[in-house]
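The next block is entry.cif, given as mmCIF, C-alpha atoms and all ligand atoms.
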data_final
loop_
_atom_site.label_atom_id
_atom_site.label_comp_id
_atom_site.auth_asym_id
_atom_site.auth_seq_id
_atom_site.Cartn_x
_atom_site.Cartn_y
_atom_site.Cartn_z
CA MET O 1 11.54 28.53 20.05
CA ASP O 2 10.81 25.85 22.60
CA PRO O 3 10.82 22.53 20.70
CA VAL O 4 8.68 21.00 23.41
CA ARG O 5 5.87 23.39 22.53
CA ASN O 6 6.29 22.84 18.77
CA PRO O 7 2.73 22.13 17.58
CA TYR O 8 3.41 20.87 14.04
CA GLN O 9 3.02 17.20 13.23
CA PRO O 10 4.59 15.87 10.05
CA GLY O 11 3.92 12.14 9.80
CA ALA O 12 1.58 9.72 8.05
CA GLY O 13 -1.89 9.87 9.57
CA ARG O 14 -0.75 12.23 12.34
CA ARG O 15 -3.55 14.39 13.59
CA PRO O 16 -2.66 17.95 12.61
CA PRO O 17 -2.84 20.69 15.23
CA GLU O 18 -5.34 22.44 12.95
CA LEU O 19 -7.35 20.56 10.34
CA ALA O 20 -7.39 23.42 7.88
CA GLY O 21 -9.44 23.82 4.72
CA ARG O 22 -11.59 20.73 5.10
CA ASP O 23 -14.82 22.18 6.48
CA ASP O 24 -16.83 21.24 3.40
CA VAL O 25 -15.68 17.65 3.52
CA LEU O 26 -16.48 17.39 7.21
CA THR O 27 -19.90 18.97 6.83
CA ALA O 28 -20.74 16.59 4.00
CA PHE O 29 -19.80 13.64 6.16
CA ASP O 30 -21.94 14.89 9.01
CA VAL O 31 -24.87 15.12 6.60
CA LEU O 32 -24.16 11.58 5.46
CA LEU O 33 -24.29 10.27 9.02
CA GLN O 34 -27.58 11.99 9.74
CA ARG O 35 -29.13 10.91 6.46
CA ALA O 36 -28.03 7.33 7.02
CA GLU O 37 -29.71 7.33 10.42
CA LEU O 38 -32.92 8.74 9.01
CA ALA O 39 -33.11 6.73 5.82
CA GLY O 40 -31.48 3.57 7.12
CA GLY O 41 -28.60 3.75 4.68
CA GLU O 42 -26.62 6.03 2.39
CA ARG O 43 -24.07 5.90 -0.37
CA GLY O 44 -20.51 5.30 0.69
CA ARG O 45 -17.74 7.83 0.31
CA VAL O 46 -14.40 7.64 -1.42
CA LEU O 47 -11.59 10.13 -0.84
CA TYR O 48 -8.78 10.12 -3.35
CA GLY O 49 -5.62 12.11 -3.85
CA LEU O 50 -1.85 12.17 -3.76
CA ARG O 51 0.18 11.06 -0.77
CA GLY O 52 0.43 13.52 2.06
CA VAL O 53 -2.72 15.53 1.34
CA GLY O 54 -4.48 14.35 4.50
CA LYS O 55 -6.72 11.44 3.47
CA THR O 56 -5.89 9.23 6.43
CA VAL O 57 -6.35 12.15 8.81
CA LEU O 58 -9.79 12.73 7.31
CA LEU O 59 -10.75 9.07 7.68
CA ASN O 60 -9.73 9.22 11.33
CA THR O 61 -11.72 12.41 11.81
CA PHE O 62 -14.76 10.83 10.14
CA ARG O 63 -14.38 7.94 12.50
CA SER O 64 -14.46 10.24 15.53
CA MET O 65 -17.53 11.95 14.13
CA ALA O 66 -19.29 8.62 13.69
CA LEU O 67 -18.32 7.57 17.21
CA GLN O 68 -19.72 10.80 18.54
CA ARG O 69 -23.04 9.92 17.00
CA LEU O 70 -22.71 6.57 18.79
CA TRP O 71 -22.11 4.59 15.62
CA GLY O 72 -20.02 1.44 15.55
CA THR O 73 -16.81 1.95 13.62
CA GLY O 74 -13.96 -0.14 12.31
CA LYS O 75 -11.00 0.54 10.08
CA LEU O 76 -8.62 -1.43 7.97
CA GLU O 77 -5.64 -0.62 5.81
CA ALA O 78 -5.61 -2.67 2.62
CA ARG O 79 -2.42 -4.38 1.49
CA PRO O 80 -1.64 -5.72 -1.95
CA ASP O 81 -2.02 -9.49 -2.13
CA GLN O 82 -3.92 -9.66 1.13
CA SER O 83 -7.55 -10.69 1.14
CA ILE O 84 -9.77 -8.28 3.02
CA ARG O 85 -11.71 -11.10 4.64
CA ARG O 86 -9.89 -11.07 7.95
CA PRO O 87 -9.29 -7.32 8.14
CA VAL O 88 -13.00 -6.72 7.46
CA ALA O 89 -13.89 -9.27 10.12
CA ALA O 90 -11.63 -7.55 12.64
CA ALA O 91 -12.99 -4.11 11.76
CA LEU O 92 -16.64 -5.17 12.05
CA HIS O 93 -15.88 -6.97 15.27
CA MET O 94 -14.53 -3.72 16.65
CA ALA O 95 -17.58 -1.86 15.39
CA VAL O 96 -20.07 -4.22 16.99
CA ARG O 97 -18.12 -4.31 20.22
CA GLU O 98 -18.61 -0.58 20.42
CA LEU O 99 -22.35 -1.07 20.12
CA ALA O 100 -22.75 -4.17 22.28
CA PRO O 101 -22.86 -2.50 25.73
CA ARG O 102 -25.84 -0.40 24.65
CA HIS O 103 -27.69 -3.18 22.89
CA ARG O 104 -30.75 -4.43 24.74
CA ALA O 105 -30.77 -7.86 23.16
CA PRO O 106 -27.39 -9.49 23.87
CA ASP O 107 -28.47 -12.62 22.00
CA ARG O 108 -28.72 -10.55 18.78
CA VAL O 109 -25.15 -9.43 19.27
CA ASP O 110 -24.02 -12.98 20.02
CA ALA O 111 -25.78 -14.25 16.92
CA PHE O 112 -23.90 -11.70 14.85
CA LEU O 113 -20.59 -12.64 16.46
CA GLY O 114 -21.23 -16.28 15.58
CA VAL O 115 -21.73 -15.31 11.95
CA LEU O 116 -18.68 -13.06 12.05
CA LYS O 117 -16.55 -15.87 13.39
CA ALA O 118 -17.73 -18.24 10.67
CA PHE O 119 -16.95 -15.54 8.10
CA ALA O 120 -13.42 -15.06 9.44
CA LEU O 121 -12.79 -18.79 9.54
CA ARG O 122 -13.45 -19.09 5.81
CA ASP O 123 -10.18 -17.33 5.13
CA PRO O 124 -8.20 -20.03 3.28
CA LYS O 125 -5.00 -18.74 4.87
CA ALA O 126 -6.45 -18.68 8.34
CA PRO O 127 -4.79 -20.79 10.99
CA LYS O 128 -7.05 -23.21 12.85
CA GLY O 129 -10.23 -22.14 14.59
CA SER O 130 -8.78 -21.65 18.03
CA SER O 131 -6.64 -18.75 16.86
CA VAL O 132 -9.66 -16.89 15.52
CA THR O 133 -10.97 -17.04 19.05
CA ALA O 134 -7.61 -15.88 20.32
CA GLN O 135 -7.20 -13.15 17.74
CA PHE O 136 -10.66 -11.68 18.00
CA GLY O 137 -11.64 -12.86 21.41
CA ILE O 138 -14.94 -14.16 20.06
CA ASP O 139 -15.97 -16.86 22.46
CA VAL O 140 -19.32 -17.46 20.80
CA PRO O 141 -19.29 -20.61 18.63
CA ALA O 142 -19.19 -20.05 14.87
CA THR O 143 -22.61 -20.27 13.24
CA ARG O 144 -23.16 -22.42 10.15
CA GLY O 145 -24.80 -21.43 6.91
CA ARG O 146 -24.41 -17.69 6.88
CA ALA O 147 -21.49 -15.61 5.55
CA ASP O 148 -19.41 -18.76 5.40
CA SER O 149 -19.85 -19.98 1.81
CA GLY O 150 -16.26 -19.12 0.90
CA ASP O 151 -17.48 -16.82 -1.85
CA LEU O 152 -16.46 -13.41 -0.59
CA GLU O 153 -19.21 -11.57 -2.42
CA VAL O 154 -21.96 -13.69 -0.92
CA ASP O 155 -20.35 -13.71 2.49
CA LEU O 156 -19.75 -9.97 2.65
CA THR O 157 -23.31 -9.31 1.54
CA GLU O 158 -24.68 -11.41 4.38
CA LEU O 159 -22.23 -10.09 6.92
CA PHE O 160 -22.93 -6.46 6.03
CA ALA O 161 -26.67 -7.01 6.22
CA ASP O 162 -26.38 -8.60 9.67
CA ALA O 163 -24.02 -5.94 11.00
CA ALA O 164 -26.28 -3.18 9.70
CA SER O 165 -29.26 -4.78 11.33
CA VAL O 166 -27.56 -4.93 14.75
CA ALA O 167 -26.74 -1.21 14.45
CA GLY O 168 -30.22 -0.47 13.16
CA ASP O 169 -31.67 -1.87 16.41
CA LEU O 170 -30.01 1.07 18.15
CA GLY O 171 -31.02 3.66 15.56
CA VAL O 172 -27.40 4.16 14.56
CA GLY O 173 -25.16 2.77 11.84
CA ILE O 174 -21.81 1.16 11.21
CA ALA O 175 -19.01 2.90 9.37
CA LEU O 176 -16.33 0.72 7.84
CA PHE O 177 -13.21 2.65 6.85
CA VAL O 178 -10.85 1.27 4.23
CA ASP O 179 -7.56 3.12 3.86
CA GLU O 180 -5.22 2.52 0.88
CA MET O 181 -8.27 1.11 -0.87
CA GLN O 182 -6.44 0.93 -4.22
CA ASP O 183 -4.47 -1.97 -2.71
CA VAL O 184 -7.52 -4.19 -2.16
CA PRO O 185 -6.97 -7.19 -4.49
CA ALA O 186 -9.10 -7.04 -7.65
CA ALA O 187 -11.37 -9.95 -6.74
CA ASP O 188 -12.03 -8.45 -3.33
CA VAL O 189 -12.79 -4.99 -4.73
CA SER O 190 -15.40 -6.56 -6.91
CA ALA O 191 -16.88 -8.48 -3.97
CA LEU O 192 -16.87 -5.37 -1.80
CA CYS O 193 -18.65 -3.28 -4.44
CA ALA O 194 -21.19 -6.02 -5.05
CA ALA O 195 -21.91 -6.29 -1.32
CA CYS O 196 -22.38 -2.52 -1.05
CA HIS O 197 -24.62 -2.59 -4.08
CA GLU O 198 -26.74 -5.33 -2.58
CA LEU O 199 -26.95 -3.53 0.75
CA SER O 200 -27.98 -0.30 -0.96
CA GLN O 201 -30.95 -2.13 -2.47
CA VAL O 202 -32.23 -3.71 0.71
CA GLY O 203 -31.24 -0.68 2.78
CA GLY O 204 -29.16 -0.90 5.89
CA PRO O 205 -27.10 1.59 7.84
CA LEU O 206 -23.64 0.31 7.00
CA ILE O 207 -21.43 2.77 5.18
CA VAL O 208 -18.13 1.98 3.51
CA VAL O 209 -15.75 4.92 3.45
CA GLY O 210 -12.60 4.44 1.39
CA ALA O 211 -9.48 6.48 0.84
CA GLY O 212 -6.71 5.97 -1.66
CA LEU O 213 -4.51 7.21 -4.44
CA PRO O 214 -5.77 9.28 -7.39
CA HIS O 215 -6.53 6.24 -9.53
CA LEU O 216 -8.86 4.70 -6.93
CA PRO O 217 -12.02 5.85 -8.75
CA SER O 218 -10.86 4.13 -11.94
CA VAL O 219 -9.92 0.99 -9.99
CA LEU O 220 -13.47 0.87 -8.66
CA SER O 221 -15.21 1.59 -11.93
CA ALA O 222 -13.06 -0.94 -13.76
CA SER O 223 -14.24 -3.48 -11.22
CA LYS O 224 -17.96 -2.66 -11.31
CA SER O 225 -19.43 -0.15 -13.68
CA TYR O 226 -22.11 0.78 -11.13
CA SER O 227 -19.48 1.78 -8.57
CA GLU O 228 -19.77 5.33 -9.85
CA ARG O 229 -23.25 5.44 -8.36
CA LEU O 230 -22.30 3.40 -5.31
CA PHE O 231 -19.94 5.95 -3.82
CA ARG O 232 -19.65 9.67 -3.72
CA TYR O 233 -16.14 10.66 -4.73
CA THR O 234 -14.24 13.55 -3.25
CA ARG O 235 -10.84 14.60 -4.45
CA ILE O 236 -8.58 15.69 -1.60
CA ASP O 237 -6.05 18.16 -2.83
CA ARG O 238 -3.44 20.59 -1.59
CA LEU O 239 -4.60 23.42 0.64
CA ASP O 240 -5.29 26.81 -0.87
CA ARG O 241 -3.32 29.77 0.38
CA ASP O 242 -5.75 30.74 3.14
CA ALA O 243 -6.05 27.21 4.46
CA ALA O 244 -2.29 26.64 4.36
CA ASP O 245 -1.76 29.86 6.32
CA GLN O 246 -4.45 28.85 8.76
CA ALA O 247 -2.76 25.47 9.29
CA LEU O 248 0.34 27.34 10.45
CA ILE O 249 -1.16 30.36 12.19
CA ALA O 250 -3.88 28.78 14.33
CA PRO O 251 -1.65 26.37 16.29
CA ALA O 252 1.03 29.06 16.72
CA GLU O 253 -1.49 31.54 18.05
CA ARG O 254 -2.36 29.16 20.83
CA GLU O 255 1.30 29.41 21.87
CA ASP O 256 1.36 33.21 21.49
CA VAL O 257 3.52 32.99 18.39
CA ILE O 258 2.84 34.92 15.20
CA PHE O 259 4.28 34.82 11.68
CA LYS O 260 5.35 37.82 9.65
CA GLN O 261 3.57 37.95 6.30
CA GLU O 262 6.91 37.43 4.51
CA ALA O 263 7.44 34.23 6.53
CA LEU O 264 4.03 32.91 5.45
CA ASP O 265 4.87 33.78 1.84
CA ALA O 266 8.12 31.84 2.05
CA LEU O 267 6.44 28.88 3.73
CA TYR O 268 3.72 28.71 1.11
CA GLU O 269 6.34 28.85 -1.61
CA ALA O 270 8.20 25.94 -0.01
CA ALA O 271 5.28 23.73 1.02
CA ASP O 272 3.15 24.44 -2.04
CA GLY O 273 0.02 23.84 0.02
CA TYR O 274 0.67 20.14 0.57
CA PRO O 275 -0.40 19.37 4.14
CA TYR O 276 2.55 17.07 4.83
CA PHE O 277 4.97 19.74 3.68
CA VAL O 278 3.14 22.46 5.62
CA GLN O 279 3.74 20.44 8.79
CA ALA O 280 7.33 19.57 7.88
CA TYR O 281 8.42 23.13 7.08
CA GLY O 282 6.38 24.54 9.95
CA LYS O 283 8.04 22.22 12.40
CA VAL O 284 11.64 23.02 11.48
CA THR O 285 10.90 26.73 11.16
CA TRP O 286 9.53 26.76 14.69
CA ASP O 287 12.65 25.09 16.07
CA VAL O 288 14.95 27.43 14.14
CA ALA O 289 13.20 30.70 15.02
CA ALA O 290 14.58 32.44 18.09
CA ALA O 291 11.37 34.25 18.97
CA SER O 292 8.01 35.47 17.73
CA PRO O 293 7.35 36.88 15.18
CA VAL O 294 8.73 34.24 12.84
CA THR O 295 10.53 35.88 9.88
CA ALA O 296 11.39 34.97 6.31
CA ALA O 297 15.00 34.66 7.44
CA ASP O 298 13.94 31.91 9.86
CA VAL O 299 12.24 30.09 7.01
CA ALA O 300 15.34 30.48 4.82
CA VAL O 301 17.47 28.82 7.50
CA ALA O 302 14.88 26.11 8.16
CA ALA O 303 14.10 25.17 4.56
CA PRO O 304 17.25 23.18 3.73
CA GLU O 305 16.94 21.27 6.98
CA ALA O 306 13.27 20.51 6.32
CA GLU O 307 14.13 19.40 2.81
CA GLY O 308 16.80 17.12 4.24
CA GLU O 309 14.26 15.55 6.57
CA LEU O 310 11.75 15.10 3.77
CA ALA O 311 14.43 13.59 1.54
CA VAL O 312 15.00 10.88 4.13
CA GLY O 313 11.56 10.33 5.64
CA PHE O 314 9.04 11.20 2.96
CA PHE O 315 10.84 10.65 -0.34
CA GLY O 316 13.79 8.42 0.50
CA SER O 317 11.81 5.79 2.38
CA ARG O 318 9.64 5.34 -0.72
CA TYR O 319 12.48 5.49 -3.22
CA GLU O 320 14.23 2.71 -1.35
CA ARG O 321 11.35 0.35 -1.96
CA ALA O 322 12.02 0.44 -5.70
CA THR O 323 14.28 -1.99 -7.54
CA PRO O 324 17.14 -0.63 -9.69
CA ALA O 325 15.03 -1.01 -12.85
CA GLU O 326 12.12 0.78 -11.19
CA ARG O 327 14.40 3.60 -10.06
CA GLU O 328 15.69 4.03 -13.56
CA TYR O 329 12.11 4.24 -14.77
CA MET O 330 11.22 6.92 -12.23
CA ARG O 331 14.33 8.92 -13.05
CA ALA O 332 13.30 8.93 -16.69
CA MET O 333 9.85 10.17 -15.67
CA ALA O 334 11.44 12.91 -13.57
CA ALA O 335 13.74 13.94 -16.41
CA ILE O 336 10.72 14.47 -18.65
CA GLY O 337 8.95 16.78 -16.22
CA ASP O 338 6.28 17.02 -13.56
CA GLU O 339 3.16 16.60 -15.67
CA PRO O 340 1.56 13.16 -16.16
CA VAL O 341 3.35 11.50 -19.06
CA PRO O 342 2.48 8.77 -21.60
CA THR O 343 4.44 5.58 -21.02
CA SER O 344 5.63 5.67 -24.63
CA ILE O 345 7.53 8.89 -23.91
CA VAL O 346 9.21 7.31 -20.89
CA ALA O 347 10.30 4.42 -23.13
CA GLU O 348 11.63 6.89 -25.65
CA GLU O 349 13.57 8.72 -22.94
CA LEU O 350 15.15 5.42 -21.93
CA GLY O 351 15.67 4.30 -25.53
CA ARG O 352 13.76 1.10 -24.85
CA LYS O 353 10.72 -0.74 -26.15
CA PRO O 354 7.62 0.11 -24.09
CA SER O 355 6.83 -3.59 -23.57
CA SER O 356 10.23 -4.22 -21.99
CA LEU O 357 9.39 -1.60 -19.37
CA SER O 358 6.02 -2.97 -18.28
CA PRO O 359 7.45 -4.94 -15.34
CA ALA O 360 9.07 -1.79 -13.92
CA ARG O 361 5.93 0.26 -14.46
CA ASP O 362 3.65 -2.39 -12.98
CA GLY O 363 5.99 -2.84 -10.02
CA LEU O 364 5.90 0.88 -9.31
CA ILE O 365 2.13 0.99 -9.53
CA LYS O 366 1.87 -1.93 -7.15
CA LYS O 367 4.25 -0.24 -4.72
CA GLY O 368 2.08 2.86 -4.90
CA LEU O 369 4.88 5.10 -6.19
CA ILE O 370 3.24 5.95 -9.50
CA TYR O 371 -0.31 5.69 -10.75
CA SER O 372 -1.88 5.48 -14.11
CA SER O 373 -4.62 7.98 -14.74
CA GLU O 374 -7.61 7.21 -16.91
CA ARG O 375 -6.06 8.70 -20.00
CA GLY O 376 -3.22 6.19 -19.92
CA LEU O 377 -0.75 8.65 -18.51
CA ILE O 378 1.45 7.91 -15.53
CA ALA O 379 2.43 10.23 -12.72
CA PHE O 380 4.04 10.16 -9.29
CA THR O 381 1.75 9.56 -6.32
CA VAL O 382 4.08 11.61 -4.13
CA PRO O 383 4.00 15.38 -4.66
CA HIS O 384 7.35 16.95 -5.63
CA PHE O 385 8.83 13.50 -6.21
CA GLY O 386 10.23 14.53 -9.59
CA ASN O 387 12.05 17.39 -7.91
CA PHE O 388 13.49 15.06 -5.32
CA LEU O 389 14.75 12.62 -7.98
CA ARG O 390 16.32 15.37 -10.05
CA SER O 391 18.22 16.60 -6.99
CA GLN O 392 19.64 13.14 -6.24
CA PRO O 393 22.98 12.10 -7.69
CA ALA O 394 22.52 9.29 -10.21
N1 LIG O 401 -6.16 19.75 6.65
C1 LIG O 401 -4.91 19.70 7.13
N2 LIG O 401 -4.32 20.79 7.65
C2 LIG O 401 -3.08 20.72 8.14
N3 LIG O 401 -2.32 19.62 8.16
C3 LIG O 401 -2.85 18.49 7.66
C4 LIG O 401 -4.17 18.47 7.12
N4 LIG O 401 -4.43 17.23 6.68
C5 LIG O 401 -3.34 16.49 6.94
N5 LIG O 401 -2.37 17.24 7.53
C6 LIG O 401 -1.04 16.74 7.87
O1 LIG O 401 -0.48 16.20 6.68
C7 LIG O 401 0.25 15.02 6.94
C8 LIG O 401 -0.22 13.89 6.04
O2 LIG O 401 -1.54 13.49 6.37
P1 LIG O 401 -2.09 12.04 5.96
O3 LIG O 401 -3.49 11.97 6.43
O4 LIG O 401 -1.13 10.98 6.42
O5 LIG O 401 -2.05 12.13 4.36
P2 LIG O 401 -2.40 10.97 3.29
O6 LIG O 401 -3.15 9.91 4.00
O7 LIG O 401 -3.21 11.66 2.25
O8 LIG O 401 -1.08 10.50 2.76
C9 LIG O 401 0.14 14.77 8.44
O9 LIG O 401 1.31 15.24 9.06
C10 LIG O 401 -1.05 15.60 8.88
O10 LIG O 401 -0.89 16.08 10.19
MG MG O 402 -2.75 7.88 4.17
#

Show me this structure written as structure tokens.
Amino acid sequence: MDPVRNPYQPGAGRRPPELAGRDDVLTAFDVLLQRAELAGGERGRVLYGLRGVGKTVLLNTFRSMALQRLWGTGKLEARPDQSIRRPVAAALHMAVRELAPRHRAPDRVDAFLGVLKAFALRDPKAPKGSSVTAQFGIDVPATRGRADSGDLEVDLTELFADAASVAGDLGVGIALFVDEMQDVPAADVSALCAACHELSQVGGPLIVVGAGLPHLPSVLSASKSYSERLFRYTRIDRLDRDAADQALIAPAEREDVIFKQEALDALYEAADGYPYFVQAYGKVTWDVAAASPVTAADVAVAAPEAEGELAVGFFGSRYERATPAEREYMRAMAAIGDEPVPTSIVAEELGRKPSSLSPARDGLIKKGLIYSSERGLIAFTVPHFGNFLRSQPA
């Protein structure tokens, strides 16, 4: 069928043509926004799950919802070894810029921007002051004595309080979105939690919404024991059968295309409910099919091609980031099976001492290819990764 009209969208963070199966999550976020406006604050949210389940898409949707309620919003994507000071500054700058045109006291906004600039300038790796002006376009002079101590916990606490208060003037809030939150450096996670904790006590409509890999909740609770009460955690998982069908059917219907039941069966079998795979198989199947209705035969022709594309784009691009030792480690994991596995069994499989394998394991965790669950087991962060590895020649 016409590739130009193909509605499916495989790709990291790509807005799907139909956001299927997430009504509960969206409703809960809407409640959060309303409660935060009423009560002047609310607990943050954390979404966690494997790669390709739609966490980033949800964060982006949350952001649109917040914008619709006239909140200020900003987003950052954490990176290992990178302090969040500047990314947080940039995100809050964006958020307050969204609010500024409606604010009736421009001097309040300027005062905040002065504090924000001082906060950003405390980044030890920051180039000289002029470039902060250039980067953020803050032409207000940096203020002294607030959010500029150099201690991230203290500074974030003050910055959050000030940002929340600017939003509070307008009866709205600020939502700060942190994607790949598991990559926030340990010291910064602790500072971020402490700042949220502090804010929750004084009250203030600034909400931190994080998303990350399945071990994110344990990263947060290892950092601060009270983080379990600080955030509400929601696991984002694969779509159930109805939602996966809906993700395919609804966009097709808008193009007057329908699927035979057998085609939907075959697609569910292939994609296993993982949103990324639903989009990937849906896309190739559309291109392959000659006309509506789409048949199981179309899916059978499309599947190897879709797998080929996934092998390069989804799996291969990640596999390539691993060193030879890390690849060997992952192959051993794949050889054992698809369930989370104790590291001692991986060592056994490789005929090595567990301690000699820690660098490979730690490297893979840092690269976000595997994660360690609370029970000390490790697993792939990418669904079907074991399958992919087993199908690759050694
Ligand atoms: N609820 C959904 N229904 C259909 N497709 C979805 C849904 N959520 C995400 N997708 C698709 O899945 C893919 C991965 O989404 P993304 O948000 O990048 O996942 P994650 O951040 O969890 O790795 C994208 O192509 C997106 O369009
Ligand atoms: Mg993502």

Review point. Skipping near chain neighbours, those fewer than 5 positions away, what residues fall within 9 Å of segment 353-359 of chain O using all atoms listed in the file, listed as a VMD selection string?
Key: chain O and resid 325 to 326 329 343 to 348 364

Prev. selection, C-alpha atoms, output as an mmCIF file, in the frame of the given file:
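Once written, result.cif looks like this:
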data_model
loop_
_atom_site.group_PDB
_atom_site.id
_atom_site.type_symbol
_atom_site.label_atom_id
_atom_site.label_comp_id
_atom_site.auth_asym_id
_atom_site.auth_seq_id
_atom_site.Cartn_x
_atom_site.Cartn_y
_atom_site.Cartn_z
ATOM 1 C CA ALA O 325 15.030 -1.010 -12.850
ATOM 2 C CA GLU O 326 12.120 0.780 -11.190
ATOM 3 C CA TYR O 329 12.110 4.240 -14.770
ATOM 4 C CA THR O 343 4.440 5.580 -21.020
ATOM 5 C CA SER O 344 5.630 5.670 -24.630
ATOM 6 C CA ILE O 345 7.530 8.890 -23.910
ATOM 7 C CA VAL O 346 9.210 7.310 -20.890
ATOM 8 C CA ALA O 347 10.300 4.420 -23.130
ATOM 9 C CA GLU O 348 11.630 6.890 -25.650
ATOM 10 C CA LEU O 364 5.900 0.880 -9.310
#

Residues of chain O within 10 Å of ligand MG 402 (chain O): nearest atom pair and distance (Å, one decimal) for each, counting all atoms listed in the file, sorted by chain and number, as JSON lines?
{"residue": "O:Gly11", "atom": "CA", "partner": "O:MG402", "partner_atom": "MG", "distance": 9.7}
{"residue": "O:Ala12", "atom": "CA", "partner": "O:MG402", "partner_atom": "MG", "distance": 6.1}
{"residue": "O:Gly13", "atom": "CA", "partner": "O:MG402", "partner_atom": "MG", "distance": 5.8}
{"residue": "O:Arg14", "atom": "CA", "partner": "O:MG402", "partner_atom": "MG", "distance": 9.5}
{"residue": "O:Tyr48", "atom": "CA", "partner": "O:MG402", "partner_atom": "MG", "distance": 9.9}
{"residue": "O:Gly49", "atom": "CA", "partner": "O:MG402", "partner_atom": "MG", "distance": 9.5}
{"residue": "O:Leu50", "atom": "CA", "partner": "O:MG402", "partner_atom": "MG", "distance": 9.1}
{"residue": "O:Arg51", "atom": "CA", "partner": "O:MG402", "partner_atom": "MG", "distance": 6.6}
{"residue": "O:Gly52", "atom": "CA", "partner": "O:MG402", "partner_atom": "MG", "distance": 6.8}
{"residue": "O:Val53", "atom": "CA", "partner": "O:MG402", "partner_atom": "MG", "distance": 8.2}
{"residue": "O:Gly54", "atom": "CA", "partner": "O:MG402", "partner_atom": "MG", "distance": 6.7}
{"residue": "O:Lys55", "atom": "CA", "partner": "O:MG402", "partner_atom": "MG", "distance": 5.4}
{"residue": "O:Thr56", "atom": "CA", "partner": "O:MG402", "partner_atom": "MG", "distance": 4.1}
{"residue": "O:Val57", "atom": "CA", "partner": "O:MG402", "partner_atom": "MG", "distance": 7.3}
{"residue": "O:Leu58", "atom": "CA", "partner": "O:MG402", "partner_atom": "MG", "distance": 9.1}
{"residue": "O:Leu59", "atom": "CA", "partner": "O:MG402", "partner_atom": "MG", "distance": 8.8}
{"residue": "O:Glu77", "atom": "CA", "partner": "O:MG402", "partner_atom": "MG", "distance": 9.1}
{"residue": "O:Asp179", "atom": "CA", "partner": "O:MG402", "partner_atom": "MG", "distance": 6.8}
{"residue": "O:Glu180", "atom": "CA", "partner": "O:MG402", "partner_atom": "MG", "distance": 6.8}
{"residue": "O:Ala211", "atom": "CA", "partner": "O:MG402", "partner_atom": "MG", "distance": 7.6}
{"residue": "O:Gly212", "atom": "CA", "partner": "O:MG402", "partner_atom": "MG", "distance": 7.3}
{"residue": "O:Leu213", "atom": "CA", "partner": "O:MG402", "partner_atom": "MG", "distance": 8.8}

Around all the atoms of segment 358-376 of chain O listed in the file, draw an axis-aligned box and extend it by 5 Å on each of the six sides; I want its centre and edge lengths in Å to one decimal, as lines of an AutoDock Vina configuration file.
center_x = 0.7
center_y = 1.9
center_z = -12.4
size_x = 26.7
size_y = 23.6
size_z = 25.3

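Taking atom CA of Ala91 of chain O and atom CA of Gly21 of chain O as endpoints, the distance between them is 29.0 Å.
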
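Residues surrounding Leu113 of chain O within 9 Å are His93, Val96, Arg108, Val109, Asp110, Ala111, Val115, Leu116, Lys117, Ala118, Ile138, Asp139, Val140, Pro141, Ala142 and Thr143 of chain O [all atoms listed in the file; sequence separation below 2 positions excluded].
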
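For the pair atom CA of Gly368 of chain O and atom CA of Tyr319 of chain O, the interatomic distance is 10.9 Å.
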
Practice item. Step by step: start from the point (-12.3, -19.6, 2.3) in the file's coordinates, keep every protein, DNA or RNA residue that has an atom no farther than 9 Å from it, count only C-alpha atoms, and write the set as an MDAnalysis selection string. Key: chainID O and resid 85 119:126 148:152

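Selecting by distance to (5.0, 9.7, -12.2) with a limit of 7 Å and using all atoms listed in the file, one obtains Met330, Met333, Pro340, Ile370, Tyr371, Ile378, Ala379, Phe380 and Thr381 of chain O.
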
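Across O:Ala161, O:Ala243, O:Ala302, O:Ala263, the tightest approach to ligand LIG 401 (chain O) is made by O:Ala243 when counting all atoms listed in the file.
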
Check your understanding: In terms of the shortest atom-to-atom distance over all atoms listed in the file, which of O:Val202, O:Leu216, O:Val166, O:Leu47 is closest to ligand LIG 401 (chain O)?
Key -> O:Leu47

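Computed from the coordinates, the atom C6 of ligand LIG 401 (chain O) to atom CA of Asp265 of chain O distance equals 19.0 Å.
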
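Closest approach to Ala95 of chain O among O:Leu38, O:Ala20, O:Leu156, O:Ala175: O:Ala175, based on all atoms listed in the file.
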
**Study point:** Long-range neighbours of Phe29 of chain O as an MDAnalysis selection string, 9 Å cut-off, only C-alpha atoms, 3 positions minimum in chain
**Key:** chainID O and resid 24:26 32:34 45 62 65

Revision key, fill the gap. Counting only C-alpha atoms, closest pick from O:Thr157, O:Gln246, O:Gln82, O:Ser64 relative to Gln201 of chain O is O:Thr157

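Here the question is which of O:Gly273, O:Pro87, O:Pro205, O:Pro293 gets nearest to ligand LIG 401 (chain O) using all atoms listed in the file, and that residue is O:Gly273.
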
Exercise for review: Determine the nearest neighbour of ligand LIG 401 (chain O) from the options O:Gly308, O:Pro16, O:Pro342, O:Gly41, counting all atoms listed in the file.
Suggested key: O:Pro16

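Excluding Ala334 of chain O itself and any same-chain residue fewer than 3 positions from it, the protein and nucleic acid residues within 6 Å of it, counting all atoms listed in the file, are Arg331, Gly337 and Gly386 of chain O.
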
Point to revise | Close residues, Asp256 of chain O itself excluded, 12 Å, all atoms listed in the file, min 4 positions apart in chain, as a ChimeraX atom specification | key: /O:1,5-7,249-252,291-294
